[in-house]
>>> print(open('run39.tsv').read())   # TSV, C-alpha atoms
chain	number	residue	atom	x	y	z
A	1	MET	CA	70.13	-72.72	31.03
A	2	ARG	CA	71.47	-75.68	29.09
A	3	ARG	CA	68.29	-75.68	26.99
A	4	LEU	CA	68.64	-72.01	26.13
A	5	TRP	CA	72.23	-72.52	25.08
A	6	LEU	CA	71.24	-75.49	22.84
A	7	LEU	CA	68.40	-73.40	21.29
A	8	PHE	CA	70.82	-70.52	20.54
A	9	ALA	CA	73.40	-72.89	19.02
A	10	GLN	CA	70.79	-74.53	16.78
A	11	THR	CA	69.43	-71.14	15.61
A	12	ALA	CA	72.93	-69.84	14.80
A	13	THR	CA	73.76	-73.05	12.92
A	14	VAL	CA	70.57	-72.82	10.81
A	15	GLY	CA	71.25	-69.10	10.04
A	16	LEU	CA	74.81	-69.78	8.95
A	17	ALA	CA	73.60	-72.63	6.78
A	18	LEU	CA	71.04	-70.39	5.06
A	19	TRP	CA	73.67	-67.66	4.52
A	20	PHE	CA	76.03	-70.26	3.01
A	21	ILE	CA	73.32	-71.55	0.65
A	22	LEU	CA	72.29	-68.03	-0.53
A	23	SER	CA	75.91	-66.95	-0.97
A	24	THR	CA	76.56	-70.03	-3.08
A	25	LEU	CA	73.48	-69.63	-5.29
A	26	LYS	CA	73.67	-65.76	-5.61
A	27	PRO	CA	77.21	-64.64	-4.73
A	28	ASN	CA	76.48	-60.89	-5.50
A	29	TRP	CA	73.46	-60.68	-3.27
A	30	SER	CA	75.34	-59.91	-0.10
A	31	THR	CA	77.42	-57.23	-1.84
A	32	GLN	CA	74.30	-55.59	-3.30
A	33	VAL	CA	72.66	-55.54	0.09
A	34	LEU	CA	75.70	-53.91	1.65
A	35	ASN	CA	76.05	-51.37	-1.17
A	36	SER	CA	72.38	-50.44	-1.11
A	37	SER	CA	72.47	-49.95	2.62
A	38	HIS	CA	75.56	-47.79	2.18
A	39	LYS	CA	73.88	-45.65	-0.47
A	40	LEU	CA	70.84	-45.16	1.67
A	41	SER	CA	72.94	-44.06	4.57
A	42	LEU	CA	74.98	-41.75	2.29
A	43	ALA	CA	71.88	-40.14	0.75
A	44	SER	CA	70.39	-39.59	4.13
A	45	SER	CA	73.59	-37.94	5.35
A	46	VAL	CA	74.00	-35.43	2.38
A	47	SER	CA	71.92	-32.26	2.54
A	48	MET	CA	70.84	-30.86	-0.88
A	49	GLN	CA	68.66	-27.88	-1.80
A	50	GLU	CA	66.31	-27.69	-4.79
A	51	ALA	CA	64.60	-24.53	-6.03
A	52	PRO	CA	60.81	-24.54	-6.05
A	53	ILE	CA	59.24	-24.88	-9.49
A	54	ASN	CA	57.89	-21.32	-9.53
A	55	GLY	CA	60.74	-19.74	-7.63
A	56	VAL	CA	63.37	-19.19	-10.36
A	57	ALA	CA	65.27	-15.97	-9.70
A	58	ALA	CA	64.39	-13.30	-12.31
A	59	GLN	CA	66.37	-10.27	-11.22
A	60	PHE	CA	68.68	-10.62	-14.22
A	61	SER	CA	65.97	-11.60	-16.69
A	62	TYR	CA	64.17	-9.39	-19.22
A	63	ARG	CA	61.28	-11.81	-19.62
A	64	GLU	CA	58.71	-9.37	-18.21
A	65	ALA	CA	59.71	-6.72	-20.78
A	66	ALA	CA	59.52	-9.28	-23.58
A	67	LYS	CA	56.20	-10.59	-22.26
A	68	ARG	CA	54.71	-7.09	-22.31
A	69	ALA	CA	55.96	-6.08	-25.76
A	70	MET	CA	55.86	-9.27	-27.84
A	71	PRO	CA	52.05	-9.44	-28.28
A	72	SER	CA	52.15	-5.96	-29.88
A	73	VAL	CA	54.75	-6.87	-32.52
A	74	VAL	CA	53.34	-8.36	-35.72
A	75	ASN	CA	54.70	-10.04	-38.84
A	76	ILE	CA	53.95	-8.31	-42.14
A	77	ASN	CA	53.80	-10.18	-45.43
A	78	THR	CA	53.45	-8.10	-48.60
A	79	ALA	CA	52.89	-9.05	-52.20
A	80	LYS	CA	53.04	-7.05	-55.40
A	81	ALA	CA	52.74	-7.82	-59.08
A	82	SER	CA	55.72	-7.21	-61.32
A	83	ARG	CA	55.72	-7.45	-65.10
A	84	GLN	CA	58.55	-9.49	-66.53
A	85	ALA	CA	59.78	-8.35	-69.93
A	86	ASN	CA	59.83	-10.78	-72.83
A	87	ASN	CA	63.04	-12.33	-73.98
A	88	PRO	CA	64.73	-9.80	-76.33
A	89	LEU	CA	65.17	-12.60	-78.88
A	90	LEU	CA	61.42	-12.58	-79.46
A	91	ASN	CA	61.79	-9.11	-81.01
A	92	ASP	CA	63.85	-10.59	-83.82
A	93	PRO	CA	61.86	-10.37	-87.11
A	94	PHE	CA	62.90	-13.89	-88.08
A	95	LEU	CA	61.61	-15.39	-84.81
A	96	LYS	CA	58.41	-13.36	-85.04
A	97	ARG	CA	57.55	-15.39	-88.13
A	98	PHE	CA	57.27	-18.42	-85.88
A	99	PHE	CA	56.04	-16.93	-82.60
A	100	GLY	CA	54.10	-13.94	-83.91
A	101	ASP	CA	53.40	-10.76	-81.90
A	102	GLN	CA	51.09	-12.40	-79.38
A	103	GLN	CA	53.75	-12.76	-76.70
A	104	SER	CA	52.90	-10.44	-73.78
A	105	PRO	CA	55.01	-9.66	-70.71
A	106	GLN	CA	54.48	-12.20	-67.94
A	107	THR	CA	53.28	-11.09	-64.53
A	108	GLU	CA	54.78	-12.63	-61.43
A	109	ARG	CA	54.09	-12.07	-57.74
A	110	GLN	CA	56.87	-10.79	-55.51
A	111	SER	CA	56.57	-11.17	-51.75
A	112	SER	CA	58.59	-9.81	-48.85
A	113	LEU	CA	58.57	-10.04	-45.08
A	114	GLY	CA	58.85	-7.42	-42.39
A	115	SER	CA	57.56	-6.46	-38.96
A	116	GLY	CA	55.24	-3.89	-37.43
A	117	VAL	CA	54.04	-2.62	-34.06
A	118	ILE	CA	50.44	-2.21	-32.90
A	119	VAL	CA	50.28	1.34	-31.51
A	120	SER	CA	46.53	1.58	-30.97
A	121	SER	CA	43.79	-0.85	-29.98
A	122	GLN	CA	41.83	0.66	-32.89
A	123	GLY	CA	44.03	-1.30	-35.27
A	124	TYR	CA	46.75	1.19	-36.23
A	125	ILE	CA	50.12	-0.44	-36.90
A	126	LEU	CA	53.40	1.38	-37.38
A	127	THR	CA	56.06	0.00	-39.71
A	128	ASN	CA	58.74	1.12	-42.16
A	129	ASN	CA	57.70	2.65	-45.46
A	130	HIS	CA	60.11	0.39	-47.33
A	131	VAL	CA	58.35	-2.68	-45.88
A	132	ILE	CA	54.98	-1.92	-47.50
A	133	GLU	CA	56.05	0.35	-50.38
A	134	GLU	CA	54.22	-0.38	-53.66
A	135	ALA	CA	52.56	-3.46	-52.14
A	136	ASP	CA	49.29	-4.67	-53.66
A	137	GLU	CA	48.43	-6.86	-50.69
A	138	ILE	CA	49.45	-6.56	-47.03
A	139	SER	CA	48.83	-9.43	-44.64
A	140	VAL	CA	49.41	-9.08	-40.89
A	141	SER	CA	50.00	-12.03	-38.54
A	142	LEU	CA	49.63	-11.45	-34.79
A	143	ALA	CA	51.57	-13.23	-32.08
A	144	ASP	CA	48.36	-14.92	-30.90
A	145	GLY	CA	47.90	-16.60	-34.29
A	146	ARG	CA	45.26	-14.28	-35.76
A	147	GLN	CA	45.65	-12.89	-39.28
A	148	ALA	CA	44.12	-9.97	-41.15
A	149	ASN	CA	44.57	-7.97	-44.32
A	150	ALA	CA	45.71	-4.39	-43.81
A	151	LYS	CA	45.13	-1.14	-45.66
A	152	VAL	CA	47.59	1.75	-45.90
A	153	VAL	CA	46.56	4.83	-43.91
A	154	GLY	CA	49.53	6.94	-45.00
A	155	THR	CA	53.28	6.95	-45.55
A	156	ASP	CA	56.20	9.27	-44.95
A	157	PRO	CA	59.15	8.28	-47.18
A	158	GLU	CA	61.36	11.04	-45.75
A	159	THR	CA	61.48	9.32	-42.36
A	160	ASP	CA	60.77	5.82	-43.76
A	161	LEU	CA	57.63	5.42	-41.65
A	162	ALA	CA	54.17	4.16	-42.58
A	163	VAL	CA	50.87	3.55	-40.80
A	164	ILE	CA	48.62	0.65	-41.77
A	165	LYS	CA	45.33	-0.49	-40.24
A	166	ILE	CA	43.62	-3.81	-39.54
A	167	GLU	CA	40.12	-4.60	-38.31
A	168	LEU	CA	40.32	-7.03	-35.38
A	169	PRO	CA	38.97	-6.86	-31.81
A	170	ASN	CA	41.02	-6.85	-28.60
A	171	LEU	CA	44.30	-5.73	-30.10
A	172	PRO	CA	47.28	-5.46	-27.69
A	173	ALA	CA	48.69	-1.95	-28.20
A	174	ILE	CA	52.25	-1.27	-27.07
A	175	THR	CA	53.04	1.44	-24.53
A	176	LEU	CA	55.06	4.35	-25.92
A	177	GLY	CA	58.23	5.13	-23.99
A	178	HIS	CA	60.40	8.25	-23.81
A	179	SER	CA	63.37	8.06	-26.14
A	180	GLU	CA	64.48	11.53	-25.02
A	181	GLN	CA	65.21	10.00	-21.60
A	182	ALA	CA	67.30	7.16	-23.04
A	183	PHE	CA	71.08	7.13	-22.58
A	184	VAL	CA	74.03	5.37	-24.13
A	185	GLY	CA	74.53	2.09	-22.27
A	186	ASP	CA	70.84	1.47	-21.54
A	187	VAL	CA	69.73	-2.12	-22.16
A	188	VAL	CA	67.24	-2.54	-25.03
A	189	LEU	CA	65.42	-5.43	-26.70
A	190	ALA	CA	64.79	-5.74	-30.45
A	191	ILE	CA	61.66	-7.68	-31.40
A	192	GLY	CA	60.82	-8.70	-34.96
A	193	ASN	CA	60.70	-11.42	-37.58
A	194	PRO	CA	64.28	-11.87	-38.87
A	195	PHE	CA	64.60	-13.87	-42.11
A	196	GLY	CA	60.99	-14.99	-41.67
A	197	VAL	CA	61.88	-17.53	-38.95
A	198	GLY	CA	59.20	-16.19	-36.58
A	199	GLN	CA	59.04	-13.70	-33.74
A	200	THR	CA	62.47	-13.28	-32.14
A	201	VAL	CA	63.83	-11.20	-29.26
A	202	THR	CA	67.46	-10.04	-29.12
A	203	MET	CA	69.18	-7.97	-26.44
A	204	GLY	CA	71.83	-5.26	-26.53
A	205	ILE	CA	72.52	-1.71	-25.42
A	206	ILE	CA	72.09	1.75	-26.88
A	207	SER	CA	75.40	2.42	-28.64
A	208	ALA	CA	74.74	6.03	-29.70
A	209	LEU	CA	71.98	8.62	-29.91
A	210	GLY	CA	71.10	11.29	-32.46
A	211	ARG	CA	72.75	9.66	-35.46
A	212	ASN	CA	71.88	12.08	-38.29
A	213	ASP	CA	74.61	11.45	-40.84
A	214	VAL	CA	73.77	7.89	-41.90
A	215	GLY	CA	72.48	8.99	-45.31
A	216	ILE	CA	69.40	6.74	-45.38
A	217	ASN	CA	66.54	9.21	-44.92
A	218	THR	CA	66.02	12.93	-45.45
A	219	TYR	CA	65.28	13.41	-41.74
A	220	GLU	CA	67.45	11.32	-39.42
A	221	ASN	CA	67.77	11.13	-35.66
A	222	PHE	CA	68.55	7.45	-35.18
A	223	ILE	CA	69.09	5.42	-32.03
A	224	GLN	CA	72.05	3.14	-32.69
A	225	THR	CA	72.05	-0.27	-30.98
A	226	ASP	CA	74.10	-3.46	-30.99
A	227	ALA	CA	71.05	-5.68	-30.42
A	228	ALA	CA	71.03	-8.17	-33.31
A	229	VAL	CA	68.82	-6.79	-36.10
A	230	ASN	CA	68.57	-8.67	-39.39
A	231	PRO	CA	66.50	-8.50	-42.59
A	232	GLY	CA	62.87	-8.98	-41.58
A	233	ASN	CA	63.33	-6.99	-38.37
A	234	SER	CA	62.49	-3.79	-40.27
A	235	GLY	CA	59.43	-2.16	-38.73
A	236	GLY	CA	59.81	-4.12	-35.49
A	237	ALA	CA	60.07	-2.72	-31.98
A	238	LEU	CA	63.04	-1.51	-29.98
A	239	VAL	CA	61.90	-1.52	-26.35
A	240	ASP	CA	63.36	-0.65	-22.96
A	241	ILE	CA	63.64	-3.03	-19.99
A	242	ASN	CA	60.03	-2.23	-19.05
A	243	GLY	CA	58.71	-3.24	-22.46
A	244	ASN	CA	57.96	0.34	-23.56
A	245	LEU	CA	58.54	1.34	-27.18
A	246	LEU	CA	61.69	3.41	-27.74
A	247	GLY	CA	61.93	3.15	-31.52
A	248	ILE	CA	61.16	1.34	-34.77
A	249	ASN	CA	64.03	-0.76	-36.11
A	250	SER	CA	64.74	0.60	-39.56
A	251	ALA	CA	68.15	-0.30	-40.95
A	252	ILE	CA	71.46	-2.04	-40.30
A	253	TYR	CA	75.03	-1.50	-41.36
A	254	SER	CA	76.15	-4.74	-42.95
A	255	ARG	CA	78.64	-6.04	-45.49
A	256	ASN	CA	77.06	-9.47	-45.88
A	257	GLY	CA	73.36	-8.90	-45.23
A	258	GLY	CA	73.56	-10.09	-41.61
A	259	SER	CA	73.92	-8.30	-38.30
A	260	LEU	CA	77.29	-6.75	-37.50
A	261	GLY	CA	76.11	-5.12	-34.28
A	262	ILE	CA	75.21	-1.77	-35.85
A	263	GLY	CA	71.47	-1.23	-36.09
A	264	PHE	CA	69.45	1.97	-36.40
A	265	ALA	CA	66.00	2.69	-34.96
A	266	ILE	CA	63.72	5.69	-35.50
A	267	PRO	CA	63.03	7.21	-32.05
A	268	VAL	CA	59.62	7.65	-30.45
A	269	THR	CA	59.94	11.44	-30.63
A	270	THR	CA	59.87	11.23	-34.43
A	271	ILE	CA	57.33	8.40	-34.44
A	272	LYS	CA	54.73	10.38	-32.46
A	273	MET	CA	54.88	13.40	-34.76
A	274	VAL	CA	54.69	11.38	-37.97
A	275	MET	CA	52.03	8.96	-36.70
A	276	GLU	CA	49.69	11.68	-35.42
A	277	ALA	CA	50.00	13.63	-38.69
A	278	ILE	CA	49.29	10.58	-40.83
A	279	ILE	CA	46.30	9.42	-38.77
A	280	SER	CA	44.72	12.90	-38.63
A	281	ASP	CA	45.60	14.21	-42.13
A	282	GLY	CA	46.80	11.19	-44.10
A	283	GLN	CA	50.16	12.88	-44.66
A	284	VAL	CA	52.96	14.75	-42.91
A	285	VAL	CA	53.06	18.50	-43.56
A	286	ARG	CA	56.48	20.09	-43.07
A	287	GLY	CA	57.86	23.57	-43.24
A	288	TRP	CA	60.04	24.55	-46.21
A	289	ILE	CA	62.04	27.62	-47.20
A	290	GLY	CA	63.65	26.38	-50.42
A	291	VAL	CA	67.35	26.17	-49.60
A	292	GLU	CA	69.95	23.43	-50.00
A	293	PRO	CA	72.08	23.55	-46.84
A	294	GLN	CA	75.53	22.00	-46.61
A	295	ASP	CA	77.76	21.30	-43.61
A	296	ILE	CA	80.72	23.63	-43.17
A	297	THR	CA	84.04	21.83	-43.50
A	298	PRO	CA	87.23	23.14	-41.84
A	299	GLU	CA	88.43	24.22	-45.28
A	300	MET	CA	85.24	26.23	-45.86
A	301	ALA	CA	85.53	27.81	-42.44
A	302	GLU	CA	89.08	28.91	-43.24
A	303	SER	CA	88.15	30.32	-46.64
A	304	PHE	CA	85.15	32.20	-45.20
A	305	ASN	CA	87.27	33.35	-42.25
A	306	ILE	CA	84.89	31.73	-39.73
A	307	LYS	CA	86.27	31.01	-36.28
A	308	GLU	CA	83.76	28.25	-35.48
A	309	ALA	CA	82.39	25.88	-38.14
A	310	SER	CA	78.80	26.01	-36.84
A	311	GLY	CA	75.64	26.41	-38.85
A	312	ALA	CA	75.24	25.43	-42.50
A	313	ILE	CA	76.18	27.15	-45.70
A	314	VAL	CA	73.49	27.74	-48.33
A	315	ALA	CA	74.68	25.81	-51.39
A	316	GLY	CA	71.58	26.57	-53.44
A	317	VAL	CA	68.32	28.55	-53.34
A	318	VAL	CA	65.09	27.58	-55.10
A	319	ARG	CA	64.10	30.39	-57.43
A	320	GLY	CA	60.86	31.97	-56.30
A	321	GLY	CA	60.91	30.05	-53.02
A	322	PRO	CA	60.44	31.58	-49.54
A	323	ALA	CA	64.18	32.05	-48.92
A	324	ASP	CA	64.71	33.58	-52.36
A	325	LYS	CA	61.91	36.07	-51.78
A	326	ALA	CA	63.42	36.98	-48.38
A	327	GLY	CA	66.80	37.75	-49.95
A	328	ILE	CA	68.79	34.63	-48.98
A	329	ARG	CA	71.65	33.99	-51.42
A	330	PRO	CA	74.05	31.10	-52.07
A	331	GLY	CA	77.07	31.46	-49.80
A	332	ASP	CA	75.04	32.77	-46.86
A	333	ILE	CA	75.47	30.82	-43.62
A	334	LEU	CA	72.42	29.98	-41.51
A	335	THR	CA	73.42	30.01	-37.85
A	336	GLY	CA	70.11	30.27	-35.98
A	337	ILE	CA	66.32	29.85	-36.19
A	338	GLU	CA	64.06	31.84	-33.88
A	339	GLY	CA	67.02	32.62	-31.64
A	340	LYS	CA	68.09	28.98	-31.36
A	341	ALA	CA	71.63	28.25	-32.53
A	342	VAL	CA	72.06	25.50	-35.10
A	343	SER	CA	75.29	23.59	-35.63
A	344	ASN	CA	74.86	21.53	-38.79
A	345	LYS	CA	72.77	20.74	-41.85
A	346	SER	CA	70.66	18.02	-40.19
A	347	GLU	CA	69.70	20.30	-37.31
A	348	ILE	CA	68.58	23.01	-39.71
A	349	LEU	CA	66.51	20.61	-41.84
A	350	ASN	CA	64.80	19.13	-38.78
A	351	LEU	CA	63.99	22.53	-37.29
A	352	ILE	CA	62.66	23.91	-40.59
A	353	ALA	CA	60.50	20.79	-41.01
A	354	GLN	CA	58.84	21.49	-37.65
A	355	LEU	CA	57.87	25.04	-38.64
A	356	LYS	CA	54.26	25.72	-39.55
A	357	PRO	CA	53.65	26.80	-43.15
A	358	ASN	CA	52.42	30.38	-43.69
A	359	THR	CA	54.17	31.68	-40.57
A	360	LYS	CA	56.99	34.23	-40.48
A	361	VAL	CA	60.14	32.96	-38.80
A	362	LYS	CA	63.33	34.85	-37.95
A	363	PHE	CA	66.56	33.30	-39.30
A	364	THR	CA	70.04	34.39	-38.23
A	365	VAL	CA	72.27	34.76	-41.29
A	366	LEU	CA	76.02	35.33	-41.56
A	367	ARG	CA	76.98	37.03	-44.84
A	368	ARG	CA	80.67	37.63	-45.25
A	369	THR	CA	81.51	39.19	-41.86
A	370	SER	CA	78.16	40.69	-40.91
A	371	VAL	CA	75.35	38.96	-38.98
A	372	SER	CA	71.74	39.88	-39.69
A	373	SER	CA	68.22	38.64	-39.01
A	374	VAL	CA	65.96	37.76	-41.92
A	375	ASP	CA	62.21	37.11	-41.69
A	376	ILE	CA	61.12	34.26	-43.96
A	377	LEU	CA	57.51	33.31	-44.68
A	378	VAL	CA	57.67	29.53	-44.32
A	379	GLY	CA	56.10	27.50	-47.10
A	380	LYS	CA	54.86	23.91	-47.34
A	381	ARG	CA	57.43	21.29	-48.29
A	382	PRO	CA	56.59	19.86	-51.74
A	383	PRO	CA	55.98	16.09	-52.02
A	384	VAL	CA	59.08	13.99	-52.50
A	385	LYS	CA	59.52	12.75	-56.06
A	386	ARG	CA	60.40	9.09	-55.96
A	387	GLU	CA	63.03	7.86	-58.39
A	388	GLU	CA	61.73	5.43	-60.96
>>> encode(input="run39.tsv", output="structure tokens")
Amino acid sequence: MRRLWLLFAQTATVGLALWFILSTLKPNWSTQVLNSSHKLSLASSVSMQEAPINGVAAQFSYREAAKRAMPSVVNINTAKASRQANNPLLNDPFLKRFFGDQQSPQTERQSSLGSGVIVSSQGYILTNNHVIEEADEISVSLADGRQANAKVVGTDPETDLAVIKIELPNLPAITLGHSEQAFVGDVVLAIGNPFGVGQTVTMGIISALGRNDVGINTYENFIQTDAAVNPGNSGGALVDINGNLLGINSAIYSRNGGSLGIGFAIPVTTIKMVMEAIISDGQVVRGWIGVEPQDITPEMAESFNIKEASGAIVAGVVRGGPADKAGIRPGDILTGIEGKAVSNKSEILNLIAQLKPNTKVKFTVLRRTSVSSVDILVGKRPPVKREE
């Protein structure tokens, strides 16, 4: 027993001596050991949860819609030659003595950027007419990095739509949605190439439907959205939360050239009609009766003694046109087409445009206080003359 006690005392003495030596040489060692042991015990006592790498919640994400639609949206780069006039000073007779008459106008290349949407795996791409108008060269860049030159299949300036075509295999065509089933407040995504920075997706809601008084095109039925749309987005896609095409972004209301939250898109209902006509016939054929309709203001309604300001007043009639031959006169009020009531000028223009040429159609006309039906042989709308 005495030996055991002596052995214990010697062991304790040696341990204390070692502790004293280490504490003297490295005074922070003991503190570090205590702190590290404390941290280990703390970490082992706290329970933390970490999400799995592939388990990020996506119920509030629109990534699947973007993933579906983005491959179908392309960047469009156009170029055209423009002749630059000589300096007027060179027309001075005195200067001609030195420079002669050999000075010719210089030609420079102008380029612009826009967007488009692949609507068919056969290479048909839908865009705005103003994106490719008067272009000598059209280059298309796909989201997968491929590029191709495009040719114009046909254009429709009155709706600001155009169809171009490229020759590439395995093209990702977008799925057409149903804009007639869209409602104000629905979430939408705008996809395009704003300011040439590259493909961009913005999100917003449908702010209004059936905008027909914007004054941009002859035939208007715009979807209004607050999704950010900027220069370069023209011709790009407006899609629903499933990635289906609802419209083609066409214009913005802006005071400084940037987005103010008021963008306009041409709906799929218009797109289908125009696209099918261009692909099959190279042009859009519309009905025409040769009248200039005008919305009825409250003042007009009072002067004409009209209880309800519905329909459109005929402000002018083309001499020798279908309406003129049927007896329509300025001052008449068109209130219905084929039994369907019309409420304003835009409605009448859109309905007349959908009529087939060389067919007789019944129009309801209010003249003074009497209502009558007039049969008009619908003609073909003449081509639009572009202003120089």
>>> residues_around(input="run39.tsv", residues="A:Gly236", least_positions_apart="3", cutoff="12 Å", atoms="all atoms listed in the file", output="PyMOL selection string")
chain A and resi 69-76+113-119+125-128+131+161+174+189-194+199-202+229-233+239+245-251+264-266
>>> closest_residue(input="run39.tsv", among="A:Ile376, A:Ala228, A:Asn129, A:Val342", to="A:Val291", atoms="only C-alpha atoms")
A:Ile376
>>> residues_around(input="run39.tsv", residues="stretch 324-326 of chain A", least_positions_apart="2", cutoff="10 Å", atoms="all atoms listed in the file", output="MDAnalysis selection string")
chainID A and resid 289:291 316:322 328:330 374:377
>>> closest_residue(input="run39.tsv", among="A:Ser303, A:Asp332, A:Gln354, A:Ile348", to="A:Ser370", atoms="only C-alpha atoms")
A:Asp332
>>> atom_distance(input="run39.tsv", atom1="atom CA of A:Ala66", atom2="atom CA of A:Gln122")
22.3 Å
>>> closest_residue(input="run39.tsv", among="A:Thr269, A:Thr175, A:Ser346, A:Ser234", to="A:Asp295", atoms="all atoms listed in the file")
A:Ser346
>>> residues_around(input="run39.tsv", residues="A:Gln147", least_positions_apart="6", cutoff="12 Å", atoms="only C-alpha atoms", output="ChimeraX atom specification")
/A:74-77,138-141,166-169,171
>>> closest_residue(input="run39.tsv", among="A:Gly204, A:Gly185, A:Gly154, A:Pro293", to="A:Ile262", atoms="only C-alpha atoms")
A:Gly204
